[in-house]
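Okay, input_20.pdb now, which holds PDB, N, CA and C atoms:
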ATOM      1  N   MET A  23      24.131  21.118-108.348
ATOM      2  CA  MET A  23      23.708  20.076-109.220
ATOM      3  C   MET A  23      22.232  19.738-108.970
ATOM      4  N   TRP A  24      21.848  19.713-107.682
ATOM      5  CA  TRP A  24      20.459  19.377-107.384
ATOM      6  C   TRP A  24      19.505  20.459-107.878
ATOM      7  N   ILE A  25      19.937  21.691-107.837
ATOM      8  CA  ILE A  25      19.093  22.771-108.362
ATOM      9  C   ILE A  25      18.898  22.589-109.858
ATOM     10  N   LEU A  26      19.952  22.199-110.571
ATOM     11  CA  LEU A  26      19.841  21.920-111.996
ATOM     12  C   LEU A  26      18.849  20.790-112.249
ATOM     13  N   CYS A  27      18.944  19.726-111.469
ATOM     14  CA  CYS A  27      18.050  18.571-111.655
ATOM     15  C   CYS A  27      16.596  18.938-111.381
ATOM     16  N   ILE A  28      16.369  19.854-110.459
ATOM     17  CA  ILE A  28      14.996  20.254-110.136
ATOM     18  C   ILE A  28      14.433  21.210-111.187
ATOM     19  N   LEU A  29      15.252  22.141-111.660
ATOM     20  CA  LEU A  29      14.775  23.140-112.608
ATOM     21  C   LEU A  29      14.853  22.696-114.064
ATOM     22  N   LEU A  30      15.530  21.621-114.355
ATOM     23  CA  LEU A  30      15.693  21.155-115.732
ATOM     24  C   LEU A  30      14.369  20.878-116.439
ATOM     25  N   PRO A  31      13.414  20.167-115.823
ATOM     26  CA  PRO A  31      12.153  19.931-116.540
ATOM     27  C   PRO A  31      11.422  21.224-116.892
ATOM     28  N   LEU A  32      11.519  22.219-116.021
ATOM     29  CA  LEU A  32      10.847  23.493-116.296
ATOM     30  C   LEU A  32      11.465  24.193-117.506
ATOM     31  N   GLY A  33      12.765  24.062-117.666
ATOM     32  CA  GLY A  33      13.427  24.663-118.816
ATOM     33  C   GLY A  33      13.190  23.894-120.102
ATOM     34  N   MET A  34      12.939  22.598-119.996
ATOM     35  CA  MET A  34      12.744  21.781-121.189
ATOM     36  C   MET A  34      11.318  21.860-121.722
ATOM     37  N   ILE A  35      10.363  22.263-120.914
ATOM     38  CA  ILE A  35       8.961  22.296-121.342
ATOM     39  C   ILE A  35       8.783  23.219-122.549
ATOM     40  N   SER A  36       9.393  24.388-122.508
ATOM     41  CA  SER A  36       9.213  25.328-123.635
ATOM     42  C   SER A  36       9.838  24.785-124.912
ATOM     43  N   GLU A  37      10.941  24.072-124.794
ATOM     44  CA  GLU A  37      11.581  23.496-125.986
ATOM     45  C   GLU A  37      10.733  22.380-126.581
ATOM     46  N   PHE A  38      10.151  21.547-125.749
ATOM     47  CA  PHE A  38       9.295  20.483-126.266
ATOM     48  C   PHE A  38       7.955  21.037-126.765
ATOM     49  N   GLU A  39       7.524  22.164-126.228
ATOM     50  CA  GLU A  39       6.308  22.817-126.720
ATOM     51  C   GLU A  39       6.495  23.274-128.162
ATOM     52  N   ARG A  40       7.674  23.743-128.496
ATOM     53  CA  ARG A  40       7.960  24.155-129.873
ATOM     54  C   ARG A  40       7.926  22.971-130.827
ATOM     55  N   LEU A  41       8.210  21.770-130.331
ATOM     56  CA  LEU A  41       8.185  20.583-131.185
ATOM     57  C   LEU A  41       6.763  20.156-131.552
ATOM     58  N   ASN A  42       5.759  20.607-130.813
ATOM     59  CA  ASN A  42       4.368  20.239-131.114
ATOM     60  C   ASN A  42       3.967  20.624-132.538
ATOM     61  N   ASP A  43       4.494  21.744-133.035
ATOM     62  CA  ASP A  43       4.146  22.194-134.383
ATOM     63  C   ASP A  43       4.877  21.397-135.458
ATOM     64  N   LEU A  44       5.958  20.744-135.103
ATOM     65  CA  LEU A  44       6.777  20.044-136.097
ATOM     66  C   LEU A  44       6.401  18.582-136.298
ATOM     67  N   VAL A  45       5.637  18.004-135.395
ATOM     68  CA  VAL A  45       5.317  16.579-135.493
ATOM     69  C   VAL A  45       3.855  16.389-135.879
ATOM     70  N   ASP A  46       3.596  15.220-136.438
ATOM     71  CA  ASP A  46       2.226  14.849-136.803
ATOM     72  C   ASP A  46       1.861  13.556-136.098
ATOM     73  N   GLY A  47       0.635  13.164-136.186
ATOM     74  CA  GLY A  47       0.201  11.885-135.658
ATOM     75  C   GLY A  47      -0.163  11.963-134.184
ATOM     76  N   PHE A  48       0.009  10.847-133.505
ATOM     77  CA  PHE A  48      -0.410  10.750-132.101
ATOM     78  C   PHE A  48       0.427  11.632-131.170
ATOM     79  N   ALA A  49       1.650  12.000-131.585
ATOM     80  CA  ALA A  49       2.516  12.810-130.728
ATOM     81  C   ALA A  49       2.183  14.296-130.782
ATOM     82  N   LYS A  50       1.402  14.708-131.788
ATOM     83  CA  LYS A  50       1.080  16.135-131.921
ATOM     84  C   LYS A  50       0.279  16.599-130.704
ATOM     85  N   GLY A  51       0.770  17.608-130.051
ATOM     86  CA  GLY A  51       0.118  18.150-128.871
ATOM     87  C   GLY A  51       0.546  17.501-127.562
ATOM     88  N   HIS A  52       1.344  16.445-127.643
ATOM     89  CA  HIS A  52       1.760  15.726-126.431
ATOM     90  C   HIS A  52       3.282  15.699-126.254
ATOM     91  N   MET A  53       3.981  16.492-127.011
ATOM     92  CA  MET A  53       5.443  16.489-126.939
ATOM     93  C   MET A  53       5.958  17.022-125.602
ATOM     94  N   VAL A  54       5.160  17.824-124.922
ATOM     95  CA  VAL A  54       5.573  18.401-123.636
ATOM     96  C   VAL A  54       5.861  17.296-122.625
ATOM     97  N   TRP A  55       5.142  16.184-122.736
ATOM     98  CA  TRP A  55       5.321  15.094-121.779
ATOM     99  C   TRP A  55       6.683  14.414-121.923
ATOM    100  N   LEU A  56       7.364  14.616-123.034
ATOM    101  CA  LEU A  56       8.707  14.053-123.191
ATOM    102  C   LEU A  56       9.736  14.764-122.314
ATOM    103  N   ALA A  57       9.363  15.904-121.776
ATOM    104  CA  ALA A  57      10.276  16.620-120.879
ATOM    105  C   ALA A  57      10.552  15.807-119.619
ATOM    106  N   ILE A  58       9.594  15.006-119.189
ATOM    107  CA  ILE A  58       9.780  14.219-117.963
ATOM    108  C   ILE A  58      10.844  13.136-118.146
ATOM    109  N   PRO A  59      10.714  12.222-119.133
ATOM    110  CA  PRO A  59      11.761  11.204-119.254
ATOM    111  C   PRO A  59      13.118  11.776-119.652
ATOM    112  N   MET A  60      13.106  12.811-120.487
ATOM    113  CA  MET A  60      14.389  13.398-120.889
ATOM    114  C   MET A  60      15.086  14.075-119.710
ATOM    115  N   SER A  61      14.334  14.770-118.878
ATOM    116  CA  SER A  61      14.955  15.411-117.723
ATOM    117  C   SER A  61      15.416  14.369-116.710
ATOM    118  N   LEU A  62      14.686  13.257-116.579
ATOM    119  CA  LEU A  62      15.150  12.175-115.704
ATOM    120  C   LEU A  62      16.449  11.576-116.207
ATOM    121  N   LEU A  63      16.537  11.361-117.508
ATOM    122  CA  LEU A  63      17.753  10.810-118.090
ATOM    123  C   LEU A  63      18.951  11.743-117.894
ATOM    124  N   ILE A  64      18.760  13.009-118.163
ATOM    125  CA  ILE A  64      19.854  13.977-118.006
ATOM    126  C   ILE A  64      20.226  14.142-116.536
ATOM    127  N   SER A  65      19.234  14.167-115.649
ATOM    128  CA  SER A  65      19.521  14.283-114.214
ATOM    129  C   SER A  65      20.267  13.056-113.705
ATOM    130  N   TRP A  66      19.881  11.879-114.175
ATOM    131  CA  TRP A  66      20.588  10.644-113.791
ATOM    132  C   TRP A  66      22.048  10.705-114.233
ATOM    133  N   MET A  67      22.285  11.217-115.445
ATOM    134  CA  MET A  67      23.651  11.324-115.952
ATOM    135  C   MET A  67      24.486  12.251-115.059
ATOM    136  N   TYR A  68      23.933  13.393-114.703
ATOM    137  CA  TYR A  68      24.685  14.338-113.874
ATOM    138  C   TYR A  68      24.918  13.812-112.452
ATOM    139  N   THR A  69      23.931  13.145-111.870
ATOM    140  CA  THR A  69      24.133  12.597-110.523
ATOM    141  C   THR A  69      25.134  11.448-110.541
ATOM    142  N   SER A  70      25.143  10.650-111.616
ATOM    143  CA  SER A  70      26.130   9.573-111.729
ATOM    144  C   SER A  70      27.542  10.141-111.855
ATOM    145  N   LEU A  71      27.687  11.175-112.656
ATOM    146  CA  LEU A  71      28.993  11.822-112.782
ATOM    147  C   LEU A  71      29.446  12.430-111.464
ATOM    148  N   ASP A  72      28.510  12.958-110.693
ATOM    149  CA  ASP A  72      28.851  13.518-109.388
ATOM    150  C   ASP A  72      29.332  12.423-108.435
ATOM    151  N   GLN A  73      28.705  11.256-108.471
ATOM    152  CA  GLN A  73      29.137  10.148-107.612
ATOM    153  C   GLN A  73      30.515   9.637-108.013
ATOM    154  N   VAL A  74      30.785   9.556-109.307
ATOM    155  CA  VAL A  74      32.109   9.146-109.771
ATOM    156  C   VAL A  74      33.147  10.178-109.344
ATOM    157  N   ASN A  75      32.805  11.437-109.420
ATOM    158  CA  ASN A  75      33.716  12.499-108.994
ATOM    159  C   ASN A  75      34.046  12.380-107.510
ATOM    160  N   GLU A  76      33.054  12.097-106.686
ATOM    161  CA  GLU A  76      33.312  11.958-105.251
ATOM    162  C   GLU A  76      34.172  10.739-104.956
ATOM    163  N   ALA A  77      34.002   9.675-105.720
ATOM    164  CA  ALA A  77      34.778   8.455-105.491
ATOM    165  C   ALA A  77      36.240   8.627-105.883
ATOM    166  N   THR A  78      36.508   9.450-106.888
ATOM    167  CA  THR A  78      37.881   9.613-107.371
ATOM    168  C   THR A  78      38.492  10.945-106.977
ATOM    169  N   GLU A  79      37.852  11.661-106.076
ATOM    170  CA  GLU A  79      38.300  12.993-105.698
ATOM    171  C   GLU A  79      39.677  12.981-105.033
ATOM    172  N   ASN A  80      39.922  12.037-104.154
ATOM    173  CA  ASN A  80      41.198  11.954-103.451
ATOM    174  C   ASN A  80      41.805  10.569-103.688
ATOM    175  N   PRO A  81      42.742  10.445-104.628
ATOM    176  CA  PRO A  81      43.266   9.126-104.977
ATOM    177  C   PRO A  81      44.268   8.555-103.972
ATOM    178  N   PHE A  82      44.568   9.253-102.907
ATOM    179  CA  PHE A  82      45.575   8.790-101.951
ATOM    180  C   PHE A  82      44.988   8.476-100.586
ATOM    181  N   GLU A  83      43.692   8.214-100.488
ATOM    182  CA  GLU A  83      43.061   7.916 -99.203
ATOM    183  C   GLU A  83      43.312   6.498 -98.729
ATOM    184  N   GLY A  84      43.644   5.591 -99.638
ATOM    185  CA  GLY A  84      43.872   4.202 -99.261
ATOM    186  C   GLY A  84      42.670   3.321 -99.535
ATOM    187  N   GLY A  85      41.748   3.786-100.357
ATOM    188  CA  GLY A  85      40.575   2.990-100.701
ATOM    189  C   GLY A  85      40.907   1.943-101.749
ATOM    190  N   THR A  86      39.899   1.193-102.157
ATOM    191  CA  THR A  86      40.085   0.093-103.098
ATOM    192  C   THR A  86      40.598   0.558-104.446
ATOM    193  N   ASN A  87      40.086   1.647-104.956
ATOM    194  CA  ASN A  87      40.465   2.124-106.282
ATOM    195  C   ASN A  87      41.541   3.200-106.256
ATOM    196  N   ASP A  88      42.177   3.384-105.136
ATOM    197  CA  ASP A  88      43.160   4.453-105.008
ATOM    198  C   ASP A  88      44.546   4.003-105.463
ATOM    199  N   VAL A  89      45.431   4.973-105.596
ATOM    200  CA  VAL A  89      46.815   4.722-105.984
ATOM    201  C   VAL A  89      47.545   4.043-104.821
ATOM    202  N   PRO A  90      48.251   2.934-105.083
ATOM    203  CA  PRO A  90      48.956   2.240-103.993
ATOM    204  C   PRO A  90      50.246   2.970-103.617
ATOM    205  N   ILE A  91      50.120   4.160-103.053
ATOM    206  CA  ILE A  91      51.271   5.020-102.789
ATOM    207  C   ILE A  91      52.213   4.429-101.749
ATOM    208  N   SER A  92      51.697   3.729-100.743
ATOM    209  CA  SER A  92      52.569   3.131 -99.723
ATOM    210  C   SER A  92      53.456   2.061-100.338
ATOM    211  N   HIS A  93      52.874   1.240-101.172
ATOM    212  CA  HIS A  93      53.662   0.190-101.830
ATOM    213  C   HIS A  93      54.708   0.797-102.763
ATOM    214  N   MET A  94      54.325   1.846-103.470
ATOM    215  CA  MET A  94      55.276   2.498-104.373
ATOM    216  C   MET A  94      56.444   3.097-103.587
ATOM    217  N   CYS A  95      56.159   3.686-102.429
ATOM    218  CA  CYS A  95      57.220   4.266-101.593
ATOM    219  C   CYS A  95      58.163   3.192-101.071
ATOM    220  N   GLU A  96      57.603   2.055-100.656
ATOM    221  CA  GLU A  96      58.441   0.948-100.184
ATOM    222  C   GLU A  96      59.351   0.443-101.295
ATOM    223  N   GLN A  97      58.821   0.356-102.510
ATOM    224  CA  GLN A  97      59.632  -0.114-103.635
ATOM    225  C   GLN A  97      60.752   0.878-103.954
ATOM    226  N   VAL A  98      60.471   2.152-103.916
ATOM    227  CA  VAL A  98      61.494   3.173-104.176
ATOM    228  C   VAL A  98      62.563   3.103-103.096
ATOM    229  N   GLU A  99      62.139   2.946-101.831
ATOM    230  CA  GLU A  99      63.102   2.845-100.738
ATOM    231  C   GLU A  99      64.006   1.629-100.913
ATOM    232  N   LEU A 100      63.427   0.492-101.261
ATOM    233  CA  LEU A 100      64.246  -0.716-101.470
ATOM    234  C   LEU A 100      65.195  -0.547-102.644
ATOM    235  N   ASP A 101      64.741   0.076-103.714
ATOM    236  CA  ASP A 101      65.609   0.307-104.865
ATOM    237  C   ASP A 101      66.775   1.222-104.504
ATOM    238  N   LEU A 102      66.495   2.274-103.728
ATOM    239  CA  LEU A 102      67.568   3.189-103.322
ATOM    240  C   LEU A 102      68.572   2.507-102.397
ATOM    241  N   ARG A 103      68.057   1.703-101.468
ATOM    242  CA  ARG A 103      68.962   0.985-100.559
ATOM    243  C   ARG A 103      69.797  -0.024-101.332
ATOM    244  N   GLU A 104      69.222  -0.618-102.371
ATOM    245  CA  GLU A 104      69.964  -1.564-103.204
ATOM    246  C   GLU A 104      71.051  -0.860-103.992
ATOM    247  N   VAL A 105      70.742   0.336-104.506
ATOM    248  CA  VAL A 105      71.729   1.118-105.246
ATOM    249  C   VAL A 105      72.865   1.552-104.327
ATOM    250  N   LEU A 106      72.553   1.858-103.065
ATOM    251  CA  LEU A 106      73.576   2.271-102.107
ATOM    252  C   LEU A 106      74.430   1.101-101.624
ATOM    253  N   GLY A 107      74.022  -0.124-101.953
ATOM    254  CA  GLY A 107      74.832  -1.291-101.626
ATOM    255  C   GLY A 107      74.590  -1.872-100.253
ATOM    256  N   GLU A 108      73.457  -1.613 -99.652
ATOM    257  CA  GLU A 108      73.172  -2.200 -98.348
ATOM    258  C   GLU A 108      72.941  -3.701 -98.493
ATOM    259  N   ILE A 109      73.350  -4.423 -97.484
ATOM    260  CA  ILE A 109      73.220  -5.875 -97.501
ATOM    261  C   ILE A 109      72.063  -6.288 -96.573
ATOM    262  N   GLY A 110      71.487  -7.456 -96.851
ATOM    263  CA  GLY A 110      70.441  -7.992 -95.990
ATOM    264  C   GLY A 110      69.105  -7.291 -96.156
ATOM    265  N   LEU A 111      68.825  -6.874 -97.379
ATOM    266  CA  LEU A 111      67.544  -6.221 -97.629
ATOM    267  C   LEU A 111      66.429  -7.262 -97.663
ATOM    268  N   PRO A 112      65.290  -6.943 -97.126
ATOM    269  CA  PRO A 112      64.171  -7.901 -97.175
ATOM    270  C   PRO A 112      63.687  -8.072 -98.610
ATOM    271  N   ASN A 113      63.255  -9.271 -98.947
ATOM    272  CA  ASN A 113      62.751  -9.542-100.283
ATOM    273  C   ASN A 113      61.248  -9.295-100.290
ATOM    274  N   THR A 114      60.864  -8.079-100.627
ATOM    275  CA  THR A 114      59.439  -7.727-100.627
ATOM    276  C   THR A 114      58.985  -7.371-102.032
ATOM    277  N   ARG A 115      59.475  -8.036-103.025
ATOM    278  CA  ARG A 115      59.055  -7.795-104.406
ATOM    279  C   ARG A 115      57.734  -8.510-104.668
ATOM    280  N   ARG A 116      56.675  -7.958-104.135
ATOM    281  CA  ARG A 116      55.358  -8.533-104.348
ATOM    282  C   ARG A 116      54.370  -7.415-104.614
ATOM    283  N   ALA A 117      53.320  -7.756-105.300
ATOM    284  CA  ALA A 117      52.285  -6.764-105.605
ATOM    285  C   ALA A 117      51.435  -6.539-104.355
ATOM    286  N   PRO A 118      50.994  -5.315-104.148
ATOM    287  CA  PRO A 118      50.106  -5.072-103.004
ATOM    288  C   PRO A 118      48.792  -5.826-103.179
ATOM    289  N   THR A 119      48.073  -5.982-102.119
ATOM    290  CA  THR A 119      46.838  -6.741-102.133
ATOM    291  C   THR A 119      45.842  -6.160-103.133
ATOM    292  N   GLY A 120      45.367  -7.016-104.026
ATOM    293  CA  GLY A 120      44.351  -6.608-104.965
ATOM    294  C   GLY A 120      44.862  -5.944-106.223
ATOM    295  N   ILE A 121      46.174  -5.788-106.368
ATOM    296  CA  ILE A 121      46.728  -5.131-107.546
ATOM    297  C   ILE A 121      47.732  -6.061-108.199
ATOM    298  N   ALA A 122      47.556  -6.326-109.457
ATOM    299  CA  ALA A 122      48.488  -7.173-110.201
ATOM    300  C   ALA A 122      49.448  -6.289-110.967
ATOM    301  N   LEU A 123      50.705  -6.480-110.767
ATOM    302  CA  LEU A 123      51.712  -5.696-111.501
ATOM    303  C   LEU A 123      52.288  -6.499-112.629
TER     304      LEU A 123
END

Is it possible to express this structure as structure tokens?
Amino acid sequence: MWILCILLPLGMISEFERLNDLVDGFAKGHMVWLAIPMSLLISWMYTSLDQVNEATENPFEGGTNDVPISHMCEQVELDLREVLGEIGLPNTRRAPTGIAL
């Protein structure tokens, strides 16, 4: 990804150079300079997507945005014990911390 972000402006220069012939006015001859903000915008988009990917890569680590797998397992266990007819089950019908059910 970093190689793409570094080489992107070099690849965009030729495309913006072709636009010099299509525009008139103050932008004529200066379209190449648009490669800088456009490549920054595209690079920012790709780096942001990479950060989101790293944050959601493993949903079972126990982080803030992860799947509450421990709570789900406890609920399944209590439901199974209830179906089997066990008596004296703890009343733990509550949402895990930070998650509203």

So the first atom is atom N of Leu102 of chain A and the second is atom CA of Asp88 of chain A; what is the distance between them in Å, to one decimal place?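 It comes out at 23.5 Å.
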
Using Å and a single decimal, report how far atom C of Ile64 of chain A sits from atom N of Gly33 of chain A.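 Straight-line distance from atom N of Gly33 of chain A to atom C of Ile64 of chain A works out to 12.5 Å.
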
Taking the file as shown, find all residues satisfying the PyMOL selection byres (((chain A and resi 54-60 and name CA) around 6) and name CA) and write them as a PDB file with N, CA and C atoms, in the coordinates of the input.
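Dumped everything to part_37.pdb:
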ATOM      1  N   PRO A  31      13.414  20.167-115.823  1.00  0.00           N
ATOM      2  CA  PRO A  31      12.153  19.931-116.540  1.00  0.00           C
ATOM      3  C   PRO A  31      11.422  21.224-116.892  1.00  0.00           C
ATOM      4  N   MET A  34      12.939  22.598-119.996  1.00  0.00           N
ATOM      5  CA  MET A  34      12.744  21.781-121.189  1.00  0.00           C
ATOM      6  C   MET A  34      11.318  21.860-121.722  1.00  0.00           C
ATOM      7  N   ILE A  35      10.363  22.263-120.914  1.00  0.00           N
ATOM      8  CA  ILE A  35       8.961  22.296-121.342  1.00  0.00           C
ATOM      9  C   ILE A  35       8.783  23.219-122.549  1.00  0.00           C
ATOM     10  N   PHE A  38      10.151  21.547-125.749  1.00  0.00           N
ATOM     11  CA  PHE A  38       9.295  20.483-126.266  1.00  0.00           C
ATOM     12  C   PHE A  38       7.955  21.037-126.765  1.00  0.00           C
ATOM     13  N   GLU A  39       7.524  22.164-126.228  1.00  0.00           N
ATOM     14  CA  GLU A  39       6.308  22.817-126.720  1.00  0.00           C
ATOM     15  C   GLU A  39       6.495  23.274-128.162  1.00  0.00           C
ATOM     16  N   HIS A  52       1.344  16.445-127.643  1.00  0.00           N
ATOM     17  CA  HIS A  52       1.760  15.726-126.431  1.00  0.00           C
ATOM     18  C   HIS A  52       3.282  15.699-126.254  1.00  0.00           C
ATOM     19  N   MET A  53       3.981  16.492-127.011  1.00  0.00           N
ATOM     20  CA  MET A  53       5.443  16.489-126.939  1.00  0.00           C
ATOM     21  C   MET A  53       5.958  17.022-125.602  1.00  0.00           C
ATOM     22  N   SER A  61      14.334  14.770-118.878  1.00  0.00           N
ATOM     23  CA  SER A  61      14.955  15.411-117.723  1.00  0.00           C
ATOM     24  C   SER A  61      15.416  14.369-116.710  1.00  0.00           C
ATOM     25  N   LEU A  62      14.686  13.257-116.579  1.00  0.00           N
ATOM     26  CA  LEU A  62      15.150  12.175-115.704  1.00  0.00           C
ATOM     27  C   LEU A  62      16.449  11.576-116.207  1.00  0.00           C
ATOM     28  N   LEU A  63      16.537  11.361-117.508  1.00  0.00           N
ATOM     29  CA  LEU A  63      17.753  10.810-118.090  1.00  0.00           C
ATOM     30  C   LEU A  63      18.951  11.743-117.894  1.00  0.00           C
TER      31      LEU A  63
END

According to DSSP computed on the backbone, where in segment 25-105 of chain A is there alpha helix (DSSP H)? Give the residues as a ChimeraX atom specification. /A:25-41,57-77,91-105

d(atom N of Val105 of chain A, atom CA of His93 of chain A) in Å: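 Distance reported for this atom pair: 17.3 Å.
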